[in-house]
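Okay, run.txt now, which holds compact mmCIF, C-alpha atoms:
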```
# COMPACT_ATOMS: atom_id res chain seq x y z
CA MET A 1 2.08 -19.50 -19.35
CA GLY A 2 -1.43 -20.94 -19.33
CA LEU A 3 -4.40 -21.20 -17.03
CA THR A 4 -3.88 -23.75 -14.29
CA GLY A 5 -5.91 -25.50 -11.63
CA THR A 6 -9.26 -26.82 -12.86
CA LEU A 7 -8.92 -25.19 -16.27
CA LEU A 8 -7.15 -26.58 -19.30
CA SER A 9 -5.90 -23.56 -21.22
CA THR A 10 -5.36 -22.97 -24.88
CA LEU A 11 -3.47 -20.17 -26.55
CA ARG A 12 -6.22 -18.49 -28.55
CA TRP A 13 -4.57 -15.28 -29.77
CA SER A 14 -1.15 -13.66 -29.98
CA SER A 15 0.38 -10.58 -31.50
CA ASP A 16 3.36 -8.24 -31.20
CA ALA A 17 3.70 -4.55 -30.48
CA THR A 18 6.57 -2.08 -30.60
CA THR A 19 4.95 0.71 -28.57
CA VAL A 20 2.83 0.90 -25.43
CA ALA A 21 0.05 2.58 -27.38
CA GLU A 22 0.04 -0.20 -29.99
CA ALA A 23 -0.14 -2.92 -27.32
CA ASP A 24 -3.03 -1.16 -25.60
CA ALA A 25 -4.88 -0.66 -28.89
CA LEU A 26 -4.50 -4.31 -29.94
CA LEU A 27 -5.94 -5.61 -26.68
CA SER A 28 -8.69 -2.99 -26.63
CA ARG A 29 -9.84 -3.97 -30.13
CA LEU A 30 -9.79 -7.63 -29.14
CA TRP A 31 -12.42 -7.06 -26.45
CA ALA A 32 -14.29 -4.23 -28.15
CA SER A 33 -17.02 -6.33 -29.80
CA ALA A 34 -18.66 -9.73 -29.74
CA ASP A 35 -17.33 -10.41 -33.22
CA ALA A 36 -13.77 -9.78 -32.10
CA ARG A 37 -14.19 -11.96 -29.01
CA SER A 38 -15.68 -14.80 -31.06
CA ALA A 39 -12.26 -15.32 -32.62
CA LEU A 40 -11.06 -16.50 -29.19
CA THR A 41 -13.50 -19.41 -28.97
CA PRO A 42 -14.00 -21.83 -31.86
CA GLY A 43 -17.24 -23.16 -30.34
CA SER A 44 -20.35 -21.40 -29.09
CA GLU A 45 -18.76 -20.28 -25.83
CA ALA A 46 -18.68 -16.59 -24.95
CA ALA A 47 -15.15 -15.35 -24.23
CA VAL A 48 -14.91 -13.47 -20.92
CA ARG A 49 -11.79 -11.96 -19.41
CA THR A 50 -11.34 -13.06 -15.81
CA GLY A 51 -11.92 -10.29 -13.26
CA VAL A 52 -9.20 -11.07 -10.76
CA MET A 53 -6.23 -8.70 -10.75
CA ASN A 54 -3.34 -7.22 -12.65
CA LEU A 55 0.01 -8.81 -11.87
CA VAL A 56 3.14 -6.88 -12.78
CA VAL A 57 6.39 -8.86 -12.70
CA VAL A 58 9.75 -7.10 -12.96
CA ALA A 59 12.70 -9.47 -13.41
CA THR A 60 16.22 -8.40 -14.33
CA GLY A 61 18.51 -10.61 -16.40
CA GLU A 62 17.81 -13.73 -18.42
CA GLU A 63 18.27 -16.15 -15.51
CA ARG A 64 15.86 -14.38 -13.18
CA ALA A 65 13.38 -13.83 -15.99
CA ALA A 66 13.35 -17.54 -16.85
CA HIS A 67 12.97 -18.45 -13.17
CA ALA A 68 10.13 -16.00 -12.65
CA ALA A 69 8.36 -17.24 -15.77
CA ALA A 70 8.57 -20.83 -14.54
CA THR A 71 7.21 -19.75 -11.15
CA LEU A 72 4.21 -18.07 -12.77
CA GLN A 73 3.21 -21.30 -14.47
CA THR A 74 2.57 -22.92 -11.08
CA LEU A 75 -0.02 -20.38 -9.93
CA GLN A 76 -3.43 -21.71 -9.01
CA ARG A 77 -4.95 -18.25 -9.35
CA ASN A 78 -4.56 -16.63 -12.74
CA PRO A 79 -4.38 -12.83 -13.01
CA SER A 80 -6.61 -11.17 -15.57
CA ARG A 81 -3.60 -9.45 -17.09
CA THR A 82 0.05 -10.14 -16.39
CA LEU A 83 2.72 -7.66 -17.43
CA PHE A 84 6.02 -9.53 -17.40
CA ILE A 85 8.68 -6.84 -17.77
CA VAL A 86 12.38 -7.46 -18.34
CA PRO A 87 14.33 -4.17 -18.11
CA ARG A 88 17.37 -4.08 -20.40
CA ASP A 89 20.29 -1.63 -20.55
CA PRO A 90 18.91 1.60 -19.03
CA GLU A 91 21.71 3.59 -20.66
CA GLY A 92 21.05 2.17 -24.14
CA PRO A 93 18.65 3.38 -26.81
CA ALA A 94 14.94 3.57 -26.09
CA ALA A 95 13.32 0.22 -26.78
CA PHE A 96 9.93 -1.42 -26.24
CA LYS A 97 8.98 -4.82 -27.57
CA ALA A 98 5.94 -6.76 -26.39
CA HIS A 99 4.58 -10.17 -27.25
CA LEU A 100 0.90 -10.40 -26.36
CA GLU A 101 -0.90 -13.68 -25.64
CA VAL A 102 -4.45 -14.56 -24.63
CA PHE A 103 -5.27 -17.96 -23.12
CA CYS A 104 -8.85 -19.20 -22.80
CA ALA A 105 -10.51 -22.29 -21.42
CA VAL A 106 -14.11 -23.41 -21.12
CA THR A 107 -15.10 -23.13 -17.47
CA PRO A 108 -16.18 -26.29 -15.62
CA ARG A 109 -19.41 -24.53 -14.55
CA GLY A 110 -21.07 -25.41 -17.85
CA ASP A 111 -22.50 -21.91 -18.32
CA GLY A 112 -21.22 -21.54 -21.86
CA THR A 113 -18.40 -19.14 -21.06
CA ALA A 114 -14.67 -19.36 -21.72
CA ALA A 115 -12.45 -17.70 -19.12
CA CYS A 116 -9.55 -15.80 -20.65
CA THR A 117 -6.39 -14.30 -19.24
CA GLU A 118 -3.79 -12.09 -20.89
CA LEU A 119 -0.02 -12.25 -20.75
CA LEU A 120 2.26 -9.51 -22.05
CA TRP A 121 5.97 -10.31 -22.35
CA ILE A 122 7.72 -6.93 -22.41
CA ASP A 123 11.35 -6.02 -23.07
CA ALA A 124 12.14 -2.42 -22.13
CA GLY A 125 15.42 -0.61 -22.73
CA GLY A 126 16.92 2.86 -22.40
CA PRO A 127 14.67 5.58 -20.92
CA VAL A 128 11.72 3.15 -20.91
CA ALA A 129 13.61 0.84 -18.54
CA ARG A 130 14.23 3.80 -16.24
CA HIS A 131 10.55 4.79 -16.25
CA LEU A 132 8.54 1.59 -16.00
CA THR A 133 5.57 3.60 -14.75
CA SER A 134 5.12 4.74 -18.35
CA VAL A 135 4.53 1.08 -19.26
CA ILE A 136 2.52 -0.12 -16.27
CA ALA A 137 0.06 2.75 -15.85
CA PRO A 138 -1.45 2.61 -19.37
CA LEU A 139 -1.40 -1.19 -19.72
CA ALA A 140 -2.86 -2.22 -16.36
CA LEU A 141 -6.63 -2.81 -16.33
CA HIS A 142 -7.92 0.15 -14.38
CA ASP A 143 -10.95 -1.53 -12.81
CA LEU A 144 -8.86 -4.22 -11.07
CA PRO A 145 -6.30 -4.20 -8.23
CA THR A 146 -2.68 -4.22 -9.31
CA LEU A 147 -0.02 -6.33 -7.59
CA LEU A 148 3.68 -5.93 -8.25
CA TRP A 149 6.23 -8.73 -7.90
CA TRP A 150 9.69 -7.15 -8.02
CA ASP A 151 11.99 -10.12 -8.58
CA ALA A 152 15.21 -8.08 -8.43
CA PRO A 153 17.15 -5.83 -6.04
CA LEU A 154 15.01 -2.87 -5.04
CA ASP A 155 15.90 0.80 -4.83
CA PRO A 156 12.94 2.33 -2.96
CA THR A 157 14.58 5.77 -3.17
CA ASN A 158 14.17 5.66 -6.96
CA ALA A 159 11.63 8.28 -8.07
CA ASP A 160 10.10 6.01 -10.71
CA LEU A 161 9.49 3.19 -8.22
CA ARG A 162 7.93 5.61 -5.75
CA GLN A 163 5.65 6.92 -8.46
CA MET A 164 4.84 3.36 -9.51
CA LEU A 165 3.76 2.47 -5.97
CA ARG A 166 1.00 5.08 -6.13
CA GLY A 167 -0.83 2.83 -8.54
CA ILE A 168 0.08 -0.47 -6.84
CA ASP A 169 -2.14 -2.16 -4.26
CA ARG A 170 0.49 -4.65 -3.07
CA VAL A 171 4.23 -4.96 -3.68
CA MET A 172 5.84 -8.39 -3.29
CA PHE A 173 9.59 -8.86 -2.93
CA ASP A 174 12.23 -10.91 -1.13
CA GLY A 175 13.93 -8.90 1.59
CA SER A 176 16.60 -11.57 2.11
CA THR A 177 18.04 -10.98 -1.38
CA GLN A 178 18.52 -7.22 -0.99
CA PRO A 179 22.04 -5.77 -0.84
CA GLY A 180 24.05 -5.22 2.33
CA SER A 181 22.20 -5.89 5.57
CA GLY A 182 18.89 -5.43 3.74
CA LEU A 183 17.77 -2.98 6.43
CA GLU A 184 18.15 0.18 4.35
CA THR A 185 16.09 -1.29 1.53
CA LEU A 186 13.40 -2.42 3.97
CA ARG A 187 13.39 0.94 5.77
CA HIS A 188 12.94 2.95 2.56
CA LEU A 189 10.39 0.54 1.09
CA LEU A 190 8.18 0.62 4.18
CA GLU A 191 8.40 4.40 4.16
CA ALA A 192 7.49 4.62 0.46
CA ALA A 193 4.69 2.08 0.79
CA GLY A 194 3.30 3.94 3.79
CA GLN A 195 3.18 7.16 1.79
CA SER A 196 1.53 5.51 -1.23
CA GLY A 197 -0.86 3.30 0.74
CA SER A 198 0.53 0.12 -0.84
CA ALA A 199 0.57 -3.12 1.14
CA VAL A 200 3.85 -5.04 1.42
CA SER A 201 4.42 -8.79 1.18
CA ASP A 202 7.94 -10.03 1.86
CA PHE A 203 8.65 -13.61 0.82
CA SER A 204 11.21 -13.78 3.65
CA LEU A 205 8.49 -13.11 6.19
CA ILE A 206 6.01 -15.58 4.72
CA ARG A 207 8.74 -18.24 4.48
CA GLN A 208 9.19 -18.11 8.28
CA GLY A 209 5.68 -19.33 9.02
CA ARG A 210 6.96 -22.78 9.99
CA TRP A 211 9.30 -21.24 12.59
CA ARG A 212 6.45 -19.19 14.04
CA ASP A 213 4.18 -22.22 14.20
CA ALA A 214 6.83 -24.21 16.06
CA VAL A 215 7.49 -21.47 18.64
CA ALA A 216 3.78 -20.89 19.24
CA SER A 217 3.10 -24.62 19.59
CA MET A 218 5.92 -25.05 22.09
CA PHE A 219 4.48 -22.28 24.27
CA ASP A 220 1.18 -24.17 24.28
CA GLU A 221 2.97 -26.85 26.29
CA PRO A 222 1.90 -26.75 29.98
CA ALA A 223 5.54 -26.56 31.11
CA ALA A 224 6.23 -23.54 28.87
CA ALA A 225 2.99 -21.57 29.03
CA PRO A 226 3.70 -19.89 32.42
CA PHE A 227 6.93 -18.45 31.02
CA LEU A 228 5.29 -16.67 28.07
CA GLY A 229 4.85 -13.45 30.05
CA ALA A 230 8.36 -13.62 31.48
CA ILE A 231 10.58 -13.67 28.39
CA ALA A 232 13.89 -11.98 29.14
CA GLU A 233 16.02 -12.64 26.07
CA ILE A 234 15.76 -13.53 22.42
CA GLU A 235 18.74 -14.78 20.47
CA ILE A 236 18.70 -15.56 16.74
CA GLU A 237 21.65 -17.40 15.24
CA TYR A 238 22.14 -16.88 11.52
CA ALA A 239 24.73 -17.92 8.98
CA GLY A 240 27.49 -15.35 8.62
CA ALA A 241 29.56 -14.55 5.55
CA PRO A 242 32.36 -17.04 4.78
CA GLY A 243 35.49 -15.79 6.51
CA ASN A 244 33.40 -12.96 7.99
CA HIS A 245 33.94 -10.88 4.85
CA GLY A 246 31.34 -8.39 3.69
CA PRO A 247 27.94 -7.43 5.11
CA VAL A 248 25.31 -10.10 5.64
CA ASN A 249 21.61 -9.60 4.99
CA ILE A 250 19.83 -9.93 8.36
CA VAL A 251 16.22 -9.48 7.26
CA LYS A 252 15.30 -13.06 8.20
CA PRO A 253 16.67 -12.83 11.78
CA LEU A 254 15.04 -9.41 12.11
CA TYR A 255 11.61 -10.81 11.28
CA HIS A 256 11.82 -13.47 14.01
CA VAL A 257 12.29 -10.71 16.58
CA ALA A 258 9.64 -8.49 14.99
CA TRP A 259 7.07 -11.29 15.14
CA LEU A 260 7.78 -11.97 18.80
CA ALA A 261 7.63 -8.24 19.58
CA SER A 262 4.26 -7.92 17.84
CA ARG A 263 2.80 -10.96 19.64
CA LEU A 264 4.11 -9.84 23.04
CA GLN A 265 2.90 -6.27 22.43
CA ALA A 266 6.43 -5.16 23.22
CA ARG A 267 7.82 -1.76 22.30
CA VAL A 268 11.32 -1.06 21.05
CA ASP A 269 13.41 0.55 23.77
CA ALA A 270 16.69 0.45 21.79
CA PRO A 271 16.72 -0.31 18.03
CA LEU A 272 19.10 -2.74 16.38
CA GLU A 273 22.74 -1.73 16.43
CA PRO A 274 25.72 -3.61 14.97
CA GLY A 275 28.47 -4.74 17.33
CA SER A 276 31.56 -6.92 17.43
CA ARG A 277 29.42 -10.09 17.61
CA GLY A 278 26.41 -9.37 15.47
CA TRP A 279 23.51 -7.06 16.31
CA SER A 280 21.71 -6.16 19.53
CA ALA A 281 18.50 -4.40 20.56
CA ARG A 282 16.24 -4.11 23.58
CA LEU A 283 12.48 -4.52 23.88
CA VAL A 284 10.13 -3.75 26.75
CA ASP A 285 7.10 -6.02 27.10
CA ALA A 286 3.55 -4.97 27.96
CA LEU A 287 4.31 -5.26 31.70
CA GLY A 288 7.46 -3.13 31.45
CA HIS A 289 9.96 -6.00 31.62
CA PRO A 290 13.09 -5.60 29.46
CA ILE A 291 13.91 -8.18 26.78
CA ASP A 292 17.46 -8.35 25.47
CA VAL A 293 17.77 -9.14 21.76
CA ARG A 294 20.84 -10.57 20.02
CA LEU A 295 21.37 -11.52 16.39
CA VAL A 296 24.48 -13.70 16.33
CA PRO A 297 26.31 -14.84 13.15
CA THR A 298 27.60 -18.41 13.06
CA ASP A 299 30.28 -20.01 10.92
CA ARG A 300 28.14 -22.59 9.14
CA PRO A 301 28.28 -23.60 5.47
CA THR A 302 24.93 -22.30 4.26
CA ARG A 303 23.56 -19.21 2.59
CA PRO A 304 24.55 -16.09 4.57
CA GLY A 305 21.65 -14.65 6.54
CA THR A 306 19.80 -17.96 6.84
CA THR A 307 18.35 -18.58 10.31
CA GLN A 308 20.10 -21.38 12.18
CA ARG A 309 18.42 -21.28 15.58
CA VAL A 310 15.81 -19.30 17.51
CA THR A 311 16.42 -19.25 21.26
CA ILE A 312 14.04 -17.71 23.77
CA GLY A 313 14.99 -17.42 27.44
CA ALA A 314 12.54 -16.68 30.27
CA ARG A 315 12.77 -16.29 34.04
CA ARG A 316 9.87 -16.69 36.45
CA ARG A 317 9.82 -17.10 40.22
CA GLY A 318 13.41 -18.26 40.36
CA ALA A 319 13.01 -20.77 37.51
CA GLU A 320 14.58 -20.43 34.08
CA ALA A 321 13.22 -21.79 30.80
CA ARG A 322 14.99 -22.02 27.49
CA LEU A 323 13.30 -22.79 24.18
CA ASP A 324 15.41 -23.69 21.15
CA VAL A 325 13.91 -24.09 17.67
CA VAL A 326 15.88 -25.33 14.67
CA ALA A 327 14.79 -26.31 11.16
CA ASP A 328 15.95 -28.23 8.14
CA GLY A 329 14.43 -28.69 4.71
CA LYS A 330 11.52 -30.81 5.91
CA THR A 331 10.97 -30.32 9.64
CA THR A 332 11.24 -27.92 12.55
CA THR A 333 12.23 -29.10 16.00
CA GLY A 334 11.48 -27.43 19.31
CA ARG A 335 13.32 -28.31 22.55
CA LEU A 336 12.28 -26.96 25.93
CA HIS A 337 14.56 -26.95 28.99
CA VAL A 338 13.58 -25.77 32.46
CA ASP A 339 16.41 -25.10 34.92
CA GLY A 340 18.74 -26.89 32.51
CA ALA A 341 16.76 -30.12 32.41
CA PRO A 342 15.11 -31.29 29.16
CA VAL A 343 11.32 -31.16 29.47
CA ARG A 344 9.86 -31.53 26.00
CA GLU A 345 10.95 -32.08 22.42
CA ARG A 346 8.60 -31.87 19.45
CA ILE A 347 9.28 -32.38 15.76
CA PHE A 348 6.94 -30.69 13.31
CA SER A 349 6.59 -31.67 9.66
CA ALA A 350 7.19 -28.36 7.90
CA PRO A 351 8.82 -28.37 4.44
CA ARG A 352 10.69 -25.27 3.38
CA ALA A 353 8.49 -23.10 1.17
CA THR A 354 9.25 -22.76 -2.52
CA GLU A 355 9.18 -19.44 -4.33
CA ALA A 356 6.11 -20.64 -6.23
CA SER A 357 4.23 -21.28 -2.99
CA LEU A 358 5.38 -17.92 -1.60
CA LEU A 359 4.08 -16.06 -4.64
CA GLY A 360 0.82 -17.99 -4.57
CA GLU A 361 0.32 -17.28 -0.88
CA SER A 362 1.08 -13.58 -1.40
CA LEU A 363 -1.58 -13.39 -4.09
CA GLU A 364 -4.13 -15.29 -2.02
CA LEU A 365 -3.61 -13.49 1.29
CA GLY A 366 -4.24 -10.03 -0.09
CA GLU A 367 -5.66 -7.65 2.46
CA ILE A 368 -6.78 -10.41 4.83
CA ASP A 369 -3.22 -11.20 5.98
CA PRO A 370 -3.60 -11.04 9.78
CA LEU A 371 0.07 -11.02 10.76
CA SER A 372 2.31 -9.23 8.28
CA PRO A 373 1.18 -5.62 8.94
CA ALA A 374 1.89 -5.88 12.67
CA ILE A 375 5.20 -7.69 12.10
CA LEU A 376 6.32 -5.11 9.54
CA ARG A 377 5.45 -2.29 11.94
CA ALA A 378 7.56 -3.95 14.63
CA ALA A 379 10.38 -4.50 12.11
CA ALA A 380 10.25 -0.81 11.18
CA ALA A 381 10.57 0.16 14.83
CA LEU A 382 13.48 -2.25 15.32
CA ILE A 383 15.45 -0.65 12.47
CA GLY A 384 14.55 2.86 13.52
CA ALA A 385 12.21 3.63 10.63
```

Translate this structure into structure tokens?
Amino acid sequence: MGLTGTLLSTLRWSSDATTVAEADALLSRLWASADARSALTPGSEAAVRTGVMNLVVVATGEERAAHAAATLQTLQRNPSRTLFIVPRDPEGPAAFKAHLEVFCAVTPRGDGTAACTELLWIDAGGPVARHLTSVIAPLALHDLPTLLWWDAPLDPTNADLRQMLRGIDRVMFDGSTQPGSGLETLRHLLEAAGQSGSAVSDFSLIRQGRWRDAVASMFDEPAAAPFLGAIAEIEIEYAGAPGNHGPVNIVKPLYHVAWLASRLQARVDAPLEPGSRGWSARLVDALGHPIDVRLVPTDRPTRPGTTQRVTIGARRRGAEARLDVVADGKTTTGRLHVDGAPVRERIFSAPRATEASLLGESLELGEIDPLSPAILRAAAALIGA
């Protein structure tokens, strides 16, 4: 992986280590003196490590590791130090193997400096794989924020992960890939993050931005605006499991409801409960009006848990409005009906987000993300956390 964006990177240094202490010592010596740093730049430039962040990536298995590595290469913002960790057999012998790389490039500012970033490829096995905190804590740069991208199924009840979160400023993951309904993982992660003070970024939530934009834009329509304070029902259709076998992850449908609840300042009167036809819940809006919530599985040939349709029903002064929003790979479409008659249809250009863009947005948003905290709080209430 190299520097991207306006910089053209060059691999200036590499080495290998078989212990955490050795890896730390090698990098410390590299930056300990001007003479050592001069080896990074063949010209007169002064080598300077970028002061951005630590990024810790945990990816299980060769396929996920290769995918995560390819995703990292697309970043427009380069961490100062990236720890790319691939846990191996946790029941095998203790193992630690790291390949260390430093990339540098002359900055376009013309101030005679070369910006450098570090990448540590780490294989961990046996007890080390079960205690990744013992790798992350000593190797992360202590004067910079640390972000964790966990590109694998999460177990937030794991003691090592909970300890790890105490030193993590933000944890990034994909709730839609978690086992079962995904709700237990989300519940325990939000609890653990709340105790540690870590922020949470869920790719599933960020990915739904185009749905949120479409719904909000449709309610800006003069025919729909009066119904915004009179919403009575929310129904989310999502792809069910083929043949209705096995549990389906419902994190994506959950987040649609959580966003609407947070925007409407609604409280949860009855949390989500499974039933014979999906899931149901009940909200109460700021004026005390009940809002019925349904998550309904459909028999469509797509990835289970994927949102198929968002439907919002409202009743006001004897009139009824229905807003339907659907999406494909490139667009979202909103259709508004009032008393059964079509009133407005709008098509929005909104390509489906890639994992690279989701990771980049998670890194860029940081603590200024205006929506996710409120949505996650509403999601926690909906699942009874």

Within-9 Å shell of (8.4, -28.5, 14.5) in input frame, all atoms listed in the file, as a short mmCIF file (atom, residue, chain, number, x, y, z; two decimals) with C-alpha atoms, in the frame of the given file:
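File produced: out24.cif:
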```cif
data_model
loop_
_atom_site.label_atom_id
_atom_site.label_comp_id
_atom_site.auth_asym_id
_atom_site.auth_seq_id
_atom_site.Cartn_x
_atom_site.Cartn_y
_atom_site.Cartn_z
CA ARG A 210 6.96 -22.78 9.99
CA TRP A 211 9.30 -21.24 12.59
CA ASP A 213 4.18 -22.22 14.20
CA ALA A 214 6.83 -24.21 16.06
CA VAL A 215 7.49 -21.47 18.64
CA SER A 217 3.10 -24.62 19.59
CA MET A 218 5.92 -25.05 22.09
CA VAL A 325 13.91 -24.09 17.67
CA VAL A 326 15.88 -25.33 14.67
CA ALA A 327 14.79 -26.31 11.16
CA THR A 331 10.97 -30.32 9.64
CA THR A 332 11.24 -27.92 12.55
CA THR A 333 12.23 -29.10 16.00
CA GLY A 334 11.48 -27.43 19.31
CA ARG A 346 8.60 -31.87 19.45
CA ILE A 347 9.28 -32.38 15.76
CA PHE A 348 6.94 -30.69 13.31
CA SER A 349 6.59 -31.67 9.66
CA ALA A 350 7.19 -28.36 7.90
#
```

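Each of A:Thr177, A:Gly61, A:Ala266, A:Gly51 was compared to Ala230 of chain A using only C-alpha atoms, and A:Ala266 turns out to be the nearest.
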
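When only C-alpha atoms are used to measure the gap to Pro90 of chain A, the shortest distance among A:Ala70, A:Val251, A:Ala115, A:Arg130 belongs to A:Arg130.
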
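The space separating atom CA of Pro290 of chain A from atom CA of Ser204 of chain A comes to 27.1 Å.
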
- Pairwise distance, atom CA of Ile312 of chain A with atom CA of Pro247 of chain A, equals 25.4 Å

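Distances from A:Leu141, A:Leu11, A:Met53, A:Leu119 to Ser28 of chain A were compared using all atoms listed in the file, and the smallest one belongs to A:Leu141.
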
Near segment 374-381 of chain A, counting only C-alpha atoms, which residues have an atom at most 6 Å away, once you skip same-chain residues fewer than 5 positions from it, shown as a PDB file with C-alpha atoms, in the coordinates of the input?
```
ATOM      1  CA  ALA A 258       9.640  -8.490  14.990  1.00  0.00           C
ATOM      2  CA  TRP A 259       7.070 -11.290  15.140  1.00  0.00           C
ATOM      3  CA  SER A 262       4.260  -7.920  17.840  1.00  0.00           C
TER       4      SER A 262
END
```

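Nearest to Arg207 of chain A of all the residues A:Val102, A:Leu161, A:Val284, A:Ala353 is A:Ala353, counting all atoms listed in the file.
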
- Message: Which polymer residues, whether protein, DNA or RNA, lie within 9 Å of the coordinate (-11.8, -16.2, -11.3) when you count only C-alpha atoms? List them as a PyMOL selection string, using the chain letters and numbers from the file.
- Response: chain A and resi 50-52+77-80+115

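Atom CA of Val200 of chain A is positioned 15.3 Å from atom CA of Ala152 of chain A.
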
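Proximity ranking of A:Thr146, A:Ala232, A:Ile250, A:Ile122 relative to Gly180 of chain A places A:Ile250 first, based on only C-alpha atoms.
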
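Candidate residues A:Leu27, A:Leu228, A:Val343, A:Ile85 were compared for distance to Asp151 of chain A, and the nearest is A:Ile85, using only C-alpha atoms.
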
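Neighbours of segment 305-311 of chain A closer than or equal to 8 Å, with all atoms listed in the file counted and sequence neighbours fewer than 4 positions away skipped, come out as Ser176, Ile234, Glu235, Ile236, Glu237, Tyr238, Ala239, Gly240, Ala241, Val248, Asn249, Ile250, Val251, Lys252, Pro253, His256, Arg322, Leu323, Asp324, Val325, Val326 and Ala327 of chain A.
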
- Query: Near Gln195 of chain A, counting all atoms listed in the file, which residues have an atom at most 12 Å away, once you skip same-chain residues fewer than 6 positions from it, shown as a PyMOL selection string?
  - Reply: chain A and resi 156+162-163+165-168+188-189
